[in-house]
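Data file: run-v1.txt. Format and content: compact mmCIF, C-alpha atoms.
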# COMPACT_ATOMS: atom_id res chain seq x y z
CA MET O 1 139.33 28.59 177.39
CA GLU O 2 140.39 25.30 175.78
CA LEU O 3 137.43 23.37 174.33
CA LYS O 4 139.17 20.50 172.53
CA HIS O 5 137.51 17.93 174.77
CA ILE O 6 134.13 19.13 173.50
CA ILE O 7 135.23 19.22 169.87
CA ASP O 8 136.36 15.60 170.23
CA LYS O 9 132.75 14.67 171.06
CA LYS O 10 131.41 16.06 167.78
CA ASP O 11 129.92 12.72 166.71
CA GLU O 12 128.09 12.35 170.02
CA TYR O 13 126.50 15.79 169.67
CA ALA O 14 125.65 15.19 166.01
CA GLN O 15 123.64 12.18 167.17
CA TYR O 16 122.03 14.33 169.87
CA MET O 17 120.94 16.80 167.19
CA LEU O 18 119.51 14.04 165.03
CA ASP O 19 117.58 12.52 167.94
CA GLU O 20 116.06 15.86 168.90
CA ILE O 21 115.22 16.77 165.30
CA THR O 22 113.58 13.36 164.83
CA HIS O 23 111.42 14.00 167.91
CA ILE O 24 110.21 17.36 166.62
CA CYS O 25 109.50 16.07 163.12
CA LYS O 26 107.65 12.95 164.32
CA ASP O 27 105.81 14.22 167.37
CA MET O 28 104.90 17.85 166.68
CA ASP O 29 102.71 19.70 164.23
CA LYS O 30 103.94 21.01 160.89
CA ARG O 31 105.90 24.23 161.30
CA ASP O 32 104.88 26.57 158.48
CA PRO O 33 105.45 30.28 159.25
CA GLY O 34 103.03 31.66 161.82
CA SER O 35 101.59 28.24 162.65
CA LYS O 36 100.80 26.38 165.85
CA GLY O 37 103.64 23.98 165.01
CA GLU O 38 106.20 26.80 164.77
CA LYS O 39 105.13 28.05 168.20
CA GLN O 40 105.15 24.51 169.64
CA ALA O 41 108.70 23.92 168.42
CA CYS O 42 109.87 27.27 169.80
CA GLU O 43 108.39 26.53 173.21
CA TYR O 44 109.94 23.07 173.26
CA MET O 45 113.42 24.28 172.29
CA ALA O 46 113.21 27.18 174.75
CA ASP O 47 112.51 24.61 177.47
CA VAL O 48 115.51 22.54 176.34
CA LEU O 49 117.71 25.64 176.48
CA LYS O 50 116.61 26.32 180.04
CA LYS O 51 116.64 22.79 181.44
CA ASP O 52 119.51 21.18 179.56
CA CYS O 53 121.71 24.06 178.45
CA GLY O 54 122.02 26.27 181.51
CA CYS O 55 120.35 29.35 180.03
CA GLU O 56 119.03 31.72 182.66
CA ARG O 57 116.90 33.30 179.98
CA ALA O 58 114.98 31.60 177.16
CA ASP O 59 112.16 33.91 176.12
CA VAL O 60 109.51 32.96 173.57
CA GLU O 61 108.51 36.18 171.80
CA SER O 62 105.68 36.79 169.35
CA PHE O 63 105.40 39.09 166.34
CA LYS O 64 102.82 39.85 163.67
CA GLU O 65 103.33 38.87 160.05
CA ASN O 66 101.57 38.08 156.77
CA PRO O 67 103.36 34.89 155.72
CA GLY O 68 101.29 34.24 152.59
CA SER O 69 102.77 37.33 150.98
CA PHE O 70 106.21 35.85 150.42
CA PHE O 71 105.00 33.69 147.55
CA GLY O 72 101.81 35.66 147.09
CA TRP O 73 103.67 38.03 144.78
CA ILE O 74 103.24 35.31 142.16
CA TYR O 75 99.51 35.99 141.92
CA PHE O 76 100.17 39.66 141.18
CA THR O 77 103.20 39.30 138.92
CA ILE O 78 102.00 36.40 136.78
CA THR O 79 98.48 37.81 136.42
CA PHE O 80 99.97 41.12 135.31
CA ALA O 81 102.29 39.34 132.86
CA LEU O 82 99.51 37.25 131.31
CA ALA O 83 97.26 40.29 131.02
CA ALA O 84 100.15 42.19 129.43
CA ILE O 85 100.58 39.51 126.76
CA VAL O 86 96.91 39.85 125.77
CA LEU O 87 97.00 43.63 125.92
CA PHE O 88 100.08 43.85 123.72
CA PHE O 89 97.88 43.20 120.68
CA PHE O 90 95.57 46.09 121.64
CA CYS O 91 97.63 48.67 123.53
CA PRO O 92 101.38 47.97 123.87
CA LEU O 93 101.98 50.83 126.30
CA ILE O 94 99.65 49.38 128.94
CA SER O 95 101.27 45.99 128.31
CA ALA O 96 104.68 47.45 129.14
CA ILE O 97 103.34 49.19 132.26
CA LEU O 98 101.81 45.96 133.58
CA ILE O 99 105.00 43.98 133.05
CA VAL O 100 107.11 46.61 134.81
CA ALA O 101 104.67 46.66 137.74
CA GLY O 102 104.78 42.86 138.00
CA LEU O 103 108.56 42.71 137.89
CA VAL O 104 108.85 45.42 140.54
CA ILE O 105 106.57 43.42 142.86
CA ALA O 106 108.61 40.24 142.29
CA PHE O 107 111.92 42.03 142.87
CA MET O 108 110.81 43.82 146.03
CA GLN O 109 108.94 40.93 147.65
CA PHE O 110 111.02 37.93 146.53
CA GLY O 111 114.32 39.51 145.53
CA LEU O 112 114.80 41.90 148.46
CA TYR O 113 112.32 40.39 150.97
CA LYS O 114 110.54 43.73 151.46
CA LYS O 115 107.01 43.96 152.87
CA PHE O 116 105.68 45.14 149.53
CA VAL O 117 102.34 43.31 149.24
CA ASP O 118 102.03 41.97 152.79
CA ARG O 119 98.90 44.01 153.53
CA PHE O 120 96.91 41.94 151.02
CA PHE O 121 97.38 38.67 152.93
CA PRO O 122 95.98 37.38 156.26
CA GLU O 123 97.84 38.33 159.42
CA LYS O 124 99.27 35.60 161.65
CA THR O 125 101.46 35.43 164.74
CA GLY O 126 105.01 34.12 164.45
CA HIS O 127 107.41 33.26 167.27
CA ASN O 128 111.08 33.75 168.13
CA VAL O 129 113.26 32.55 171.01
CA THR O 130 116.06 34.50 172.70
CA ALA O 131 118.21 32.44 175.08
CA VAL O 132 121.32 33.58 176.96
CA LYS O 133 123.79 31.78 179.24
CA LYS O 134 125.51 34.35 181.43
CA CYS O 135 129.21 34.38 182.17
CA THR O 136 130.73 34.29 185.64
CA GLY O 137 132.48 37.66 185.46
CA GLU O 138 132.24 40.95 183.61
CA VAL O 139 130.69 40.63 180.14
CA LYS O 140 133.35 41.56 177.59
CA ARG O 141 131.93 39.84 174.50
CA ARG O 142 128.87 37.90 173.35
CA ILE O 143 128.16 35.28 170.72
CA PHE O 144 124.81 34.07 169.40
CA PHE O 145 124.09 30.96 167.38
CA ASN O 146 121.00 31.33 165.20
CA GLY O 147 118.64 29.06 163.29
CA HIS O 148 115.02 29.27 162.14
CA PRO O 149 112.46 26.80 163.51
CA ASP O 150 109.88 27.11 160.73
CA ALA O 151 109.68 24.85 157.68
CA ALA O 152 108.93 25.63 154.05
CA TRP O 153 105.91 25.03 151.87
CA GLU O 154 106.82 22.47 149.24
CA TRP O 155 108.18 23.52 145.83
CA PRO O 156 106.57 20.95 143.47
CA VAL O 157 108.86 21.62 140.50
CA ASN O 158 111.97 21.14 142.64
CA TYR O 159 110.49 17.89 143.95
CA LYS O 160 109.77 16.57 140.46
CA LEU O 161 112.67 18.01 138.45
CA GLY O 162 115.28 19.17 140.95
CA GLY O 163 117.02 22.53 141.15
CA VAL O 164 117.83 22.76 137.43
CA GLY O 165 114.15 22.37 136.58
CA PHE O 166 113.01 24.75 139.30
CA GLU O 167 115.46 27.52 138.49
CA GLY O 168 115.11 26.92 134.75
CA HIS O 169 111.34 27.35 135.01
CA ALA O 170 111.72 30.63 136.90
CA ILE O 171 114.32 31.92 134.44
CA ILE O 172 112.14 31.07 131.42
CA CYS O 173 109.26 33.00 132.99
CA GLY O 174 111.54 35.97 133.62
CA ILE O 175 112.76 35.89 130.02
CA GLY O 176 109.17 35.72 128.79
CA ALA O 177 108.14 38.79 130.76
CA VAL O 178 111.17 40.77 129.58
CA TYR O 179 110.57 39.59 126.00
CA TYR O 180 107.11 41.16 125.91
CA LEU O 181 108.35 44.26 127.72
CA VAL O 182 111.00 44.77 125.04
CA ILE O 183 108.70 44.28 122.05
CA SER O 184 106.08 46.55 123.65
CA ILE O 185 108.65 49.32 124.02
CA MET O 186 109.99 48.69 120.50
CA TYR O 187 106.50 48.98 119.04
CA PHE O 188 105.80 52.19 120.91
CA VAL O 189 109.14 53.71 119.88
CA LYS O 190 108.79 52.66 116.24
CA TYR O 191 105.18 53.63 115.68
CA GLY O 192 104.58 56.14 118.47
CA ILE O 193 101.33 54.39 119.22
CA GLY O 194 100.60 52.92 122.62
CA PHE O 195 96.81 52.72 122.68
CA ALA O 196 95.82 51.15 119.35
CA MET O 197 95.61 47.74 117.74
CA VAL O 198 98.98 46.36 116.72
CA ASP O 199 99.62 46.21 112.99
CA THR O 200 99.16 42.52 112.16
CA SER O 201 101.59 42.79 109.23
CA SER O 202 104.46 44.02 111.43
CA THR O 203 107.43 41.93 112.48
CA LEU O 204 106.72 42.78 116.12
CA PHE O 205 103.24 41.28 115.81
CA LYS O 206 104.78 38.05 114.56
CA MET O 207 107.32 38.16 117.39
CA ALA O 208 104.47 38.50 119.85
CA LEU O 209 102.82 35.42 118.41
CA TRP O 210 106.06 33.45 118.77
CA GLY O 211 106.27 34.70 122.36
CA LEU O 212 103.09 32.82 123.23
CA ILE O 213 105.36 29.84 123.85
CA PHE O 214 106.10 31.42 127.24
CA VAL O 215 102.44 31.34 128.33
CA PRO O 216 102.36 27.72 129.66
CA PHE O 217 105.49 28.39 131.73
CA LEU O 218 104.00 31.57 133.17
CA ILE O 219 100.77 29.80 134.04
CA GLY O 220 102.79 27.01 135.65
CA LEU O 221 104.43 29.48 138.00
CA TYR O 222 101.11 29.83 139.85
CA TRP O 223 102.05 26.41 141.27
CA MET O 224 105.61 27.35 142.21
CA TRP O 225 104.65 26.52 145.81
CA ASN O 226 102.11 24.17 147.35
CA GLU O 227 100.67 25.95 150.36
CA LYS O 228 98.78 22.79 151.36
CA ARG O 229 101.96 20.74 151.91
CA VAL O 230 104.49 21.79 154.56
CA VAL O 231 107.76 19.86 154.52
CA ASP O 232 109.36 18.41 157.66
CA GLY O 233 112.26 20.84 157.50
CA ALA O 234 114.75 18.57 159.26
CA ASN O 235 117.73 19.99 157.40
CA ASP O 236 116.08 23.33 156.63
CA ASN O 237 116.27 24.30 159.31
CA LEU O 238 116.10 22.29 162.52
CA SER O 239 119.75 21.52 161.78
CA GLY O 240 120.50 25.24 162.18
CA CYS O 241 118.46 25.51 165.39
CA TYR O 242 120.15 22.54 167.01
CA MET O 243 123.65 23.59 166.01
CA GLY O 244 123.55 26.32 168.62
CA ILE O 245 121.55 24.25 171.11
CA ALA O 246 124.10 21.41 170.86
CA VAL O 247 126.98 23.80 171.55
CA MET O 248 125.15 25.12 174.59
CA LYS O 249 124.33 21.62 175.84
CA ALA O 250 127.95 20.52 175.37
CA LEU O 251 129.12 23.41 177.55
CA GLU O 252 126.56 22.53 180.21
CA ASP O 253 127.39 18.81 180.09
CA ALA O 254 131.06 19.67 180.60
CA GLY O 255 130.23 22.02 183.47
CA ILE O 256 131.69 25.03 181.64
CA THR O 257 130.55 28.59 182.16
CA LEU O 258 132.81 31.10 180.43
CA GLU O 259 134.25 33.95 182.47
CA ASN O 260 133.78 36.94 180.18
CA THR O 261 131.78 35.63 177.21
CA GLU O 262 128.01 35.39 177.12
CA VAL O 263 126.73 32.61 174.86
CA GLY O 264 123.24 32.55 173.44
CA VAL O 265 120.84 31.14 170.90
CA ILE O 266 118.39 33.02 168.70
CA LEU O 267 115.63 31.02 167.06
CA SER O 268 114.04 33.34 164.51
CA GLY O 269 110.73 32.11 163.18
CA SER O 270 109.17 32.51 159.76
CA GLU O 271 112.39 32.74 157.79
CA GLU O 272 110.57 30.96 154.99
CA ALA O 273 108.13 33.88 154.85
CA GLY O 274 110.90 36.37 154.01
CA LEU O 275 113.08 36.63 157.16
CA ARG O 276 110.05 37.92 159.08
CA GLY O 277 111.18 36.54 162.45
CA SER O 278 114.74 37.83 162.28
CA LYS O 279 113.51 41.23 161.10
CA ALA O 280 111.07 41.32 164.03
CA TRP O 281 113.84 40.23 166.41
CA CYS O 282 116.09 43.07 165.25
CA GLU O 283 113.30 45.58 165.86
CA ALA O 284 112.41 44.16 169.28
CA HIS O 285 116.04 44.02 170.50
CA LYS O 286 117.40 47.17 168.88
CA GLY O 287 120.38 48.38 170.92
CA GLU O 288 120.01 45.68 173.59
CA PHE O 289 123.24 43.87 172.71
CA ASP O 290 125.38 46.82 171.66
CA ASP O 291 127.25 47.02 174.99
CA VAL O 292 130.07 44.62 173.99
CA PRO O 293 131.33 43.04 170.75
CA THR O 294 128.56 40.65 169.70
CA PHE O 295 128.89 38.09 166.90
CA ILE O 296 125.94 36.20 165.35
CA TYR O 297 126.35 32.97 163.41
CA SER O 298 123.24 32.16 161.39
CA TYR O 299 123.02 28.50 160.32
CA ASP O 300 120.79 27.27 157.52
CA THR O 301 120.50 23.74 156.12
CA ILE O 302 123.58 22.03 157.56
CA HIS O 303 123.71 18.84 155.52
CA ASP O 304 126.54 17.96 153.13
CA PRO O 305 130.05 18.35 154.64
CA LYS O 306 131.61 19.05 151.25
CA PHE O 307 129.42 22.13 150.94
CA LEU O 308 130.04 23.60 154.39
CA MET O 309 130.24 27.28 153.50
CA THR O 310 130.71 30.71 155.01
CA ASN O 311 128.57 33.09 153.01
CA TYR O 312 130.24 36.48 152.69
CA ARG O 313 127.23 37.87 150.83
CA ASP O 314 123.57 37.07 151.43
CA LEU O 315 120.02 37.76 150.24
CA ASN O 316 120.50 36.90 146.58
CA GLY O 317 123.97 38.45 146.78
CA THR O 318 122.70 41.91 147.81
CA VAL O 319 123.76 42.01 151.49
CA LYS O 320 127.32 41.91 152.81
CA ALA O 321 128.13 39.78 155.87
CA ASP O 322 130.59 40.95 158.51
CA LYS O 323 134.11 40.09 157.36
CA ASP O 324 135.59 39.45 160.81
CA VAL O 325 132.72 37.18 161.83
CA SER O 326 133.01 35.31 158.53
CA ASP O 327 136.79 35.08 158.65
CA LEU O 328 136.69 33.66 162.17
CA PHE O 329 134.59 30.71 161.01
CA MET O 330 136.97 30.09 158.11
CA GLU O 331 139.99 30.23 160.42
CA ALA O 332 138.38 27.87 162.93
CA ALA O 333 137.69 25.37 160.15
CA LYS O 334 141.29 25.63 158.97
CA GLU O 335 142.57 25.03 162.51
CA LEU O 336 140.60 21.79 162.64
CA ASN O 337 141.45 20.81 159.05
CA ILE O 338 137.74 20.71 158.20
CA PRO O 339 136.96 21.82 154.62
CA CYS O 340 134.92 25.02 154.45
CA ILE O 341 134.15 27.05 151.32
CA LYS O 342 134.28 30.82 151.14
CA GLY O 343 131.12 31.60 149.20
CA TRP O 344 127.89 33.56 148.94
CA VAL O 345 124.14 33.17 148.58
CA PRO O 346 123.72 33.89 144.86
CA PRO O 347 120.77 35.34 142.92
CA LEU O 348 117.82 32.91 143.14
CA GLY O 349 119.57 31.38 146.17
CA GLY O 350 117.36 33.19 148.68
CA ALA O 351 118.79 34.19 152.04
CA THR O 352 119.74 33.18 155.55
CA ASP O 353 118.61 35.11 158.61
CA ASN O 354 122.07 36.66 158.60
CA ALA O 355 120.76 39.07 155.97
CA ALA O 356 118.27 40.61 158.39
CA PHE O 357 120.86 40.88 161.16
CA ALA O 358 123.38 42.47 158.80
CA GLN O 359 120.80 44.94 157.47
CA ALA O 360 120.10 45.96 161.07
CA GLY O 361 123.78 46.76 161.59
CA LEU O 362 124.63 43.68 163.66
CA ARG O 363 127.85 41.71 163.16
CA SER O 364 126.83 38.42 161.62
CA THR O 365 127.41 35.87 158.91
CA GLY O 366 125.52 32.98 157.34
CA ILE O 367 126.75 29.38 157.49
CA THR O 368 125.24 26.82 155.12
CA GLY O 369 125.83 23.18 154.33
CA LEU O 370 124.16 22.64 150.97
CA ASN O 371 124.80 23.07 147.31
CA HIS O 372 123.33 26.42 146.24
CA LYS O 373 122.44 24.64 142.98
CA LEU O 374 119.34 23.35 144.66
CA GLU O 375 119.20 19.74 145.80
CA ASP O 376 115.98 17.75 145.34
CA TYR O 377 115.36 17.67 149.11
CA TYR O 378 115.42 21.46 149.39
CA HIS O 379 111.89 22.65 150.17
CA THR O 380 110.44 19.24 149.35
CA ARG O 381 109.00 16.29 151.24
CA ARG O 382 112.45 14.65 151.08
CA ASP O 383 113.74 17.02 153.79
CA THR O 384 113.22 14.45 156.55
CA TYR O 385 115.03 13.33 159.69
CA ASP O 386 116.14 10.14 157.91
CA ASN O 387 117.74 12.23 155.16
CA MET O 388 120.28 14.01 157.35
CA ASN O 389 124.06 13.81 157.30
CA LEU O 390 125.72 13.11 160.64
CA LYS O 391 129.17 14.02 159.35
CA GLY O 392 127.84 17.34 158.07
CA LEU O 393 126.37 18.07 161.50
CA ALA O 394 129.49 16.89 163.33
CA ASP O 395 131.91 18.95 161.24
CA CYS O 396 129.87 22.12 161.58
CA PHE O 397 129.50 21.53 165.33
CA ALA O 398 133.27 21.13 165.71
CA VAL O 399 134.00 24.34 163.81
CA SER O 400 131.34 26.20 165.82
CA VAL O 401 132.89 25.14 169.12
CA LYS O 402 136.32 26.17 167.81
CA VAL O 403 134.85 29.55 166.85
CA LEU O 404 133.58 29.93 170.40
CA GLU O 405 136.98 28.99 171.82
CA MET O 406 138.82 31.47 169.59
CA PHE O 407 136.26 34.21 170.21
CA ASP O 408 136.48 33.66 173.99
CA ASN O 409 140.24 34.01 173.70
CA GLY O 410 139.85 37.41 172.06
CA ALA O 411 139.95 36.69 168.31
CA LYS O 412 138.57 39.24 165.82
CA GLN O 413 137.44 41.79 168.39

Can you dump the structure from the file as structure tokens?
Amino acid sequence: MELKHIIDKKDEYAQYMLDEITHICKDMDKRDPGSKGEKQACEYMADVLKKDCGCERADVESFKENPGSFFGWIYFTITFALAAIVLFFFCPLISAILIVAGLVIAFMQFGLYKKFVDRFFPEKTGHNVTAVKKCTGEVKRRIFFNGHPDAAWEWPVNYKLGGVGFEGHAIICGIGAVYYLVISIMYFVKYGIGFAMVDTSSTLFKMALWGLIFVPFLIGLYWMWNEKRVVDGANDNLSGCYMGIAVMKALEDAGITLENTEVGVILSGSEEAGLRGSKAWCEAHKGEFDDVPTFIYSYDTIHDPKFLMTNYRDLNGTVKADKDVSDLFMEAAKELNIPCIKGWVPPLGGATDNAAFAQAGLRSTGITGLNHKLEDYYHTRRDTYDNMNLKGLADCFAVSVKVLEMFDNGAKQ
């Protein structure tokens, strides 16, 4: 199927995305994970997919989660670290144990997005959407476009100081914790004493005193997030939701139903709580879409066209995306002469929902449109509908339609 006539309307559909995103941001409740606003947005977009995009199916699905846990690890890790600093002067072995425990919690909950301390936080109900537009003939392949409808809690340090300040703060805290872990181990190895007062004449005691400089930074990390302020999330990630919806609407507006390719949209809620919606979606739909080659394109924060990127690794660099799915996006961009970077989501960069799909064995990749050196609008009140980039939306839309065209014609299967 030739879709050039749709690609040529990329500016029109970028404006459509902006108009719809503006409506959700202005007229609906805030969309923190597991909230009424997240559900409201899911129901609205499911209705759009049915009425305006020709989807025979647009199911709103619920799942249970504990969204406060994703940043709640801070309360465990930082409390353990501060207690360890005090305890170093009395029993270095316990100090080392506390720091290791805190770092493990941080790594599992925030580094790998595991449900490590979820049970300690209130349960809420999140929502996903699964929408499918059937083909006219035998289904031979399927493609899903994915975005997450929830919005983040604000990161105050990123708002005030930008990404360098935010990441620098986190790194200093990490160095501080490791610093005390190392001197605790050194003291135990040197003196063989783990449960006694530290010798105040020792060099390690003096090092511990110098290490107190880390304490204000560690205390400051308690305010890494502001759970009382939810950002609008226009770029992150209504842009990702409407990328797929716009493709579907463009097909419907043009009166196109593909012969052998099913096209769908997955809206996976509560990504900002640790990919909880996409993980729940993978569990709920296990095996359902294994009948034919199925590609998933997961969009997150489509903003700056010079940073349009296919992420070949995800989840802080720990998860590998599908090479064929990723390559197809790169090839489609090249065909249209639209710049697209081959990159990855680095450590401290977080994740896209692609990570959950890939971990579940599905063929997927993550597409982003932001500098992974965090911009000041990322997870802050500046992420508004009037701070969006129409060219960034238009370019990504054009490449996405080209991907669909190439996939429908049998590429990478």

Next on the checklist: Nearest residue to Ala58 of chain O out of O:Asp8, O:Glu227, O:Asp386, O:Glu43, using all atoms listed in the file?
Outcome noted: O:Glu43

All residues 7 Å or closer to Lys133 of chain O, all atoms listed in the file, same chain fewer than 5 positions away omitted, as a PDB file with C-alpha atoms, keeping the file's coordinate frame:
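Result file is around.pdb:
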ATOM      1  CA  GLY O  54     122.020  26.270 181.510  1.00  0.00           C
ATOM      2  CA  CYS O  55     120.350  29.350 180.030  1.00  0.00           C
ATOM      3  CA  GLU O  56     119.030  31.720 182.660  1.00  0.00           C
ATOM      4  CA  GLU O 262     128.010  35.390 177.120  1.00  0.00           C
ATOM      5  CA  VAL O 263     126.730  32.610 174.860  1.00  0.00           C
ATOM      6  CA  GLY O 264     123.240  32.550 173.440  1.00  0.00           C
TER       7      GLY O 264
END

Item to check | Surrounding residues of Leu209 of chain O excluding itself and chain neighbours under 6 positions, 12 Å, only C-alpha atoms, as a PyMOL selection string | outcome: chain O and resi 85-86+88-89+179-180+183+198+200-203+215

Next, dump the selected residues to file, keeping only C-alpha atoms, as a short mmCIF file (atom, residue, chain, number, x, y, z; two decimals), keeping the file's coordinate frame.
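Final file, part-v1.cif:
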data_model
loop_
_atom_site.label_atom_id
_atom_site.label_comp_id
_atom_site.auth_asym_id
_atom_site.auth_seq_id
_atom_site.Cartn_x
_atom_site.Cartn_y
_atom_site.Cartn_z
CA ILE O 85 100.58 39.51 126.76
CA VAL O 86 96.91 39.85 125.77
CA PHE O 88 100.08 43.85 123.72
CA PHE O 89 97.88 43.20 120.68
CA TYR O 179 110.57 39.59 126.00
CA TYR O 180 107.11 41.16 125.91
CA ILE O 183 108.70 44.28 122.05
CA VAL O 198 98.98 46.36 116.72
CA THR O 200 99.16 42.52 112.16
CA SER O 201 101.59 42.79 109.23
CA SER O 202 104.46 44.02 111.43
CA THR O 203 107.43 41.93 112.48
CA VAL O 215 102.44 31.34 128.33
#

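Residues having any atom no farther than 7 Å from (114.1, 36.2, 157.9) (counting only C-alpha atoms) are Ser270, Glu271, Glu272, Gly274, Leu275, Arg276, Gly277, Ser278, Lys279, Thr352, Asp353 and Ala356 of chain O.
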
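Note that the spacing between atom CA of His127 of chain O and atom CA of Lys51 of chain O amounts to 19.9 Å.
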
Tell me, counting only C-alpha atoms, for each residue of segment 189-218 of chain O within 10 Å of segment 66-82 of chain O, which pair of atoms is nearest and how far apart they are in Å to one decimal, in rows ordered by chain and increasing number, as a tab-separated table.
residue	atom	partner	partner_atom	distance
O:Leu212	CA	O:Leu82	CA	9.9
O:Phe214	CA	O:Leu82	CA	9.7
O:Val215	CA	O:Leu82	CA	7.2
O:Leu218	CA	O:Ile78	CA	6.4

Which residues of segment 337-359 of chain O have any atom within 9 Å of an atom in segment 364-378 of chain O when counting only C-alpha atoms, and what is the closest pair of atoms for each, with the distance in Å to one decimal? Order the rows by chain and rising number and write it as JSON lines.
{"residue": "O:Trp344", "atom": "CA", "partner": "O:Gly366", "partner_atom": "CA", "distance": 8.7}
{"residue": "O:Val345", "atom": "CA", "partner": "O:His372", "partner_atom": "CA", "distance": 7.2}
{"residue": "O:Pro346", "atom": "CA", "partner": "O:His372", "partner_atom": "CA", "distance": 7.6}
{"residue": "O:Gly349", "atom": "CA", "partner": "O:His372", "partner_atom": "CA", "distance": 6.2}
{"residue": "O:Ala351", "atom": "CA", "partner": "O:Gly366", "partner_atom": "CA", "distance": 8.7}
{"residue": "O:Thr352", "atom": "CA", "partner": "O:Gly366", "partner_atom": "CA", "distance": 6.1}
{"residue": "O:Asp353", "atom": "CA", "partner": "O:Gly366", "partner_atom": "CA", "distance": 7.3}
{"residue": "O:Asn354", "atom": "CA", "partner": "O:Gly366", "partner_atom": "CA", "distance": 5.2}
{"residue": "O:Ala355", "atom": "CA", "partner": "O:Gly366", "partner_atom": "CA", "distance": 7.9}
{"residue": "O:Phe357", "atom": "CA", "partner": "O:Ser364", "partner_atom": "CA", "distance": 6.5}
{"residue": "O:Ala358", "atom": "CA", "partner": "O:Ser364", "partner_atom": "CA", "distance": 6.0}

Can those selected residues be exported to a file as a PDB file, in the frame of the given file so that it contains C-alpha atoms?
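As a result, result_18.pdb now contains:
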ATOM      1  CA  TRP O 344     127.890  33.560 148.940  1.00  0.00           C
ATOM      2  CA  VAL O 345     124.140  33.170 148.580  1.00  0.00           C
ATOM      3  CA  PRO O 346     123.720  33.890 144.860  1.00  0.00           C
ATOM      4  CA  GLY O 349     119.570  31.380 146.170  1.00  0.00           C
ATOM      5  CA  ALA O 351     118.790  34.190 152.040  1.00  0.00           C
ATOM      6  CA  THR O 352     119.740  33.180 155.550  1.00  0.00           C
ATOM      7  CA  ASP O 353     118.610  35.110 158.610  1.00  0.00           C
ATOM      8  CA  ASN O 354     122.070  36.660 158.600  1.00  0.00           C
ATOM      9  CA  ALA O 355     120.760  39.070 155.970  1.00  0.00           C
ATOM     10  CA  PHE O 357     120.860  40.880 161.160  1.00  0.00           C
ATOM     11  CA  ALA O 358     123.380  42.470 158.800  1.00  0.00           C
TER      12      ALA O 358
END

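Between atom CA of Lys320 of chain O and atom CA of Tyr299 of chain O lies a distance of 16.0 Å.
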
Item to check | Selected residue, from O:Ile256, O:Ile7, O:Val132, O:Leu267, that lies nearest to Val401 of chain O when counting all atoms listed in the file | outcome: O:Ile7

Next on the checklist: Show me, as a PyMOL selection string, the residues that have an atom within 8 Å of Asp304 of chain O when counting all atoms listed in the file, minus same-chain residues fewer than 2 positions from it.
Outcome noted: chain O and resi 302+306-308+369-371+389+391-392

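Closest approach to Asp199 of chain O among O:Ala46, O:Leu3, O:Cys91, O:Leu404 is made by O:Cys91 (distances from only C-alpha atoms).
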
Exercise: residues within 6 Å of coordinate (135.1, 20.2, 158.3), counting all atoms listed in the file, as a PDB file with C-alpha atoms, in the frame of the given file:
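Result written to selection_16.pdb:
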ATOM      1  CA  ILE O 338     137.740  20.710 158.200  1.00  0.00           C
ATOM      2  CA  PRO O 339     136.960  21.820 154.620  1.00  0.00           C
ATOM      3  CA  ASP O 395     131.910  18.950 161.240  1.00  0.00           C
TER       4      ASP O 395
END

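Residues in contact with Gly240 of chain O at 8 Å, where all atoms listed in the file are counted and same-chain residues fewer than 3 positions away are skipped, are listed as Asn146, Gly147, His148, Asn235, Asp236, Asn237, Met243, Gly244, Ser298, Tyr299, Asp300, Thr301 and Ile302 of chain O.
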
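Here the question is which of O:Gly343, O:Leu348, O:Lys50, O:Asp291 gets nearest to Asn311 of chain O using all atoms listed in the file, and that residue is O:Gly343.
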
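For the pair atom CA of Asp118 of chain O and atom CA of Ile296 of chain O, the interatomic distance is 27.6 Å.
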
Contact table segment 144-198 of chain O vs segment 96-102 of chain O, cut-off 9 Å, shortest pair per residue, only C-alpha atoms, as a tab-separated table:
residue	atom	partner	partner_atom	distance
O:Ala177	CA	O:Ile99	CA	6.5
O:Val178	CA	O:Ile99	CA	7.8
O:Tyr180	CA	O:Ala96	CA	7.5
O:Leu181	CA	O:Ala96	CA	5.1
O:Val182	CA	O:Ala96	CA	8.0
O:Ile183	CA	O:Ala96	CA	8.7
O:Ser184	CA	O:Ala96	CA	5.7
O:Ile185	CA	O:Ala96	CA	6.7

Restricting the output to C-alpha atoms, write the selected residues as a tab-separated table (two decimals), keeping the file's coordinate frame.
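Output below, filename result01.tsv:
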chain	number	residue	atom	x	y	z
O	177	ALA	CA	108.14	38.79	130.76
O	178	VAL	CA	111.17	40.77	129.58
O	180	TYR	CA	107.11	41.16	125.91
O	181	LEU	CA	108.35	44.26	127.72
O	182	VAL	CA	111.00	44.77	125.04
O	183	ILE	CA	108.70	44.28	122.05
O	184	SER	CA	106.08	46.55	123.65
O	185	ILE	CA	108.65	49.32	124.02
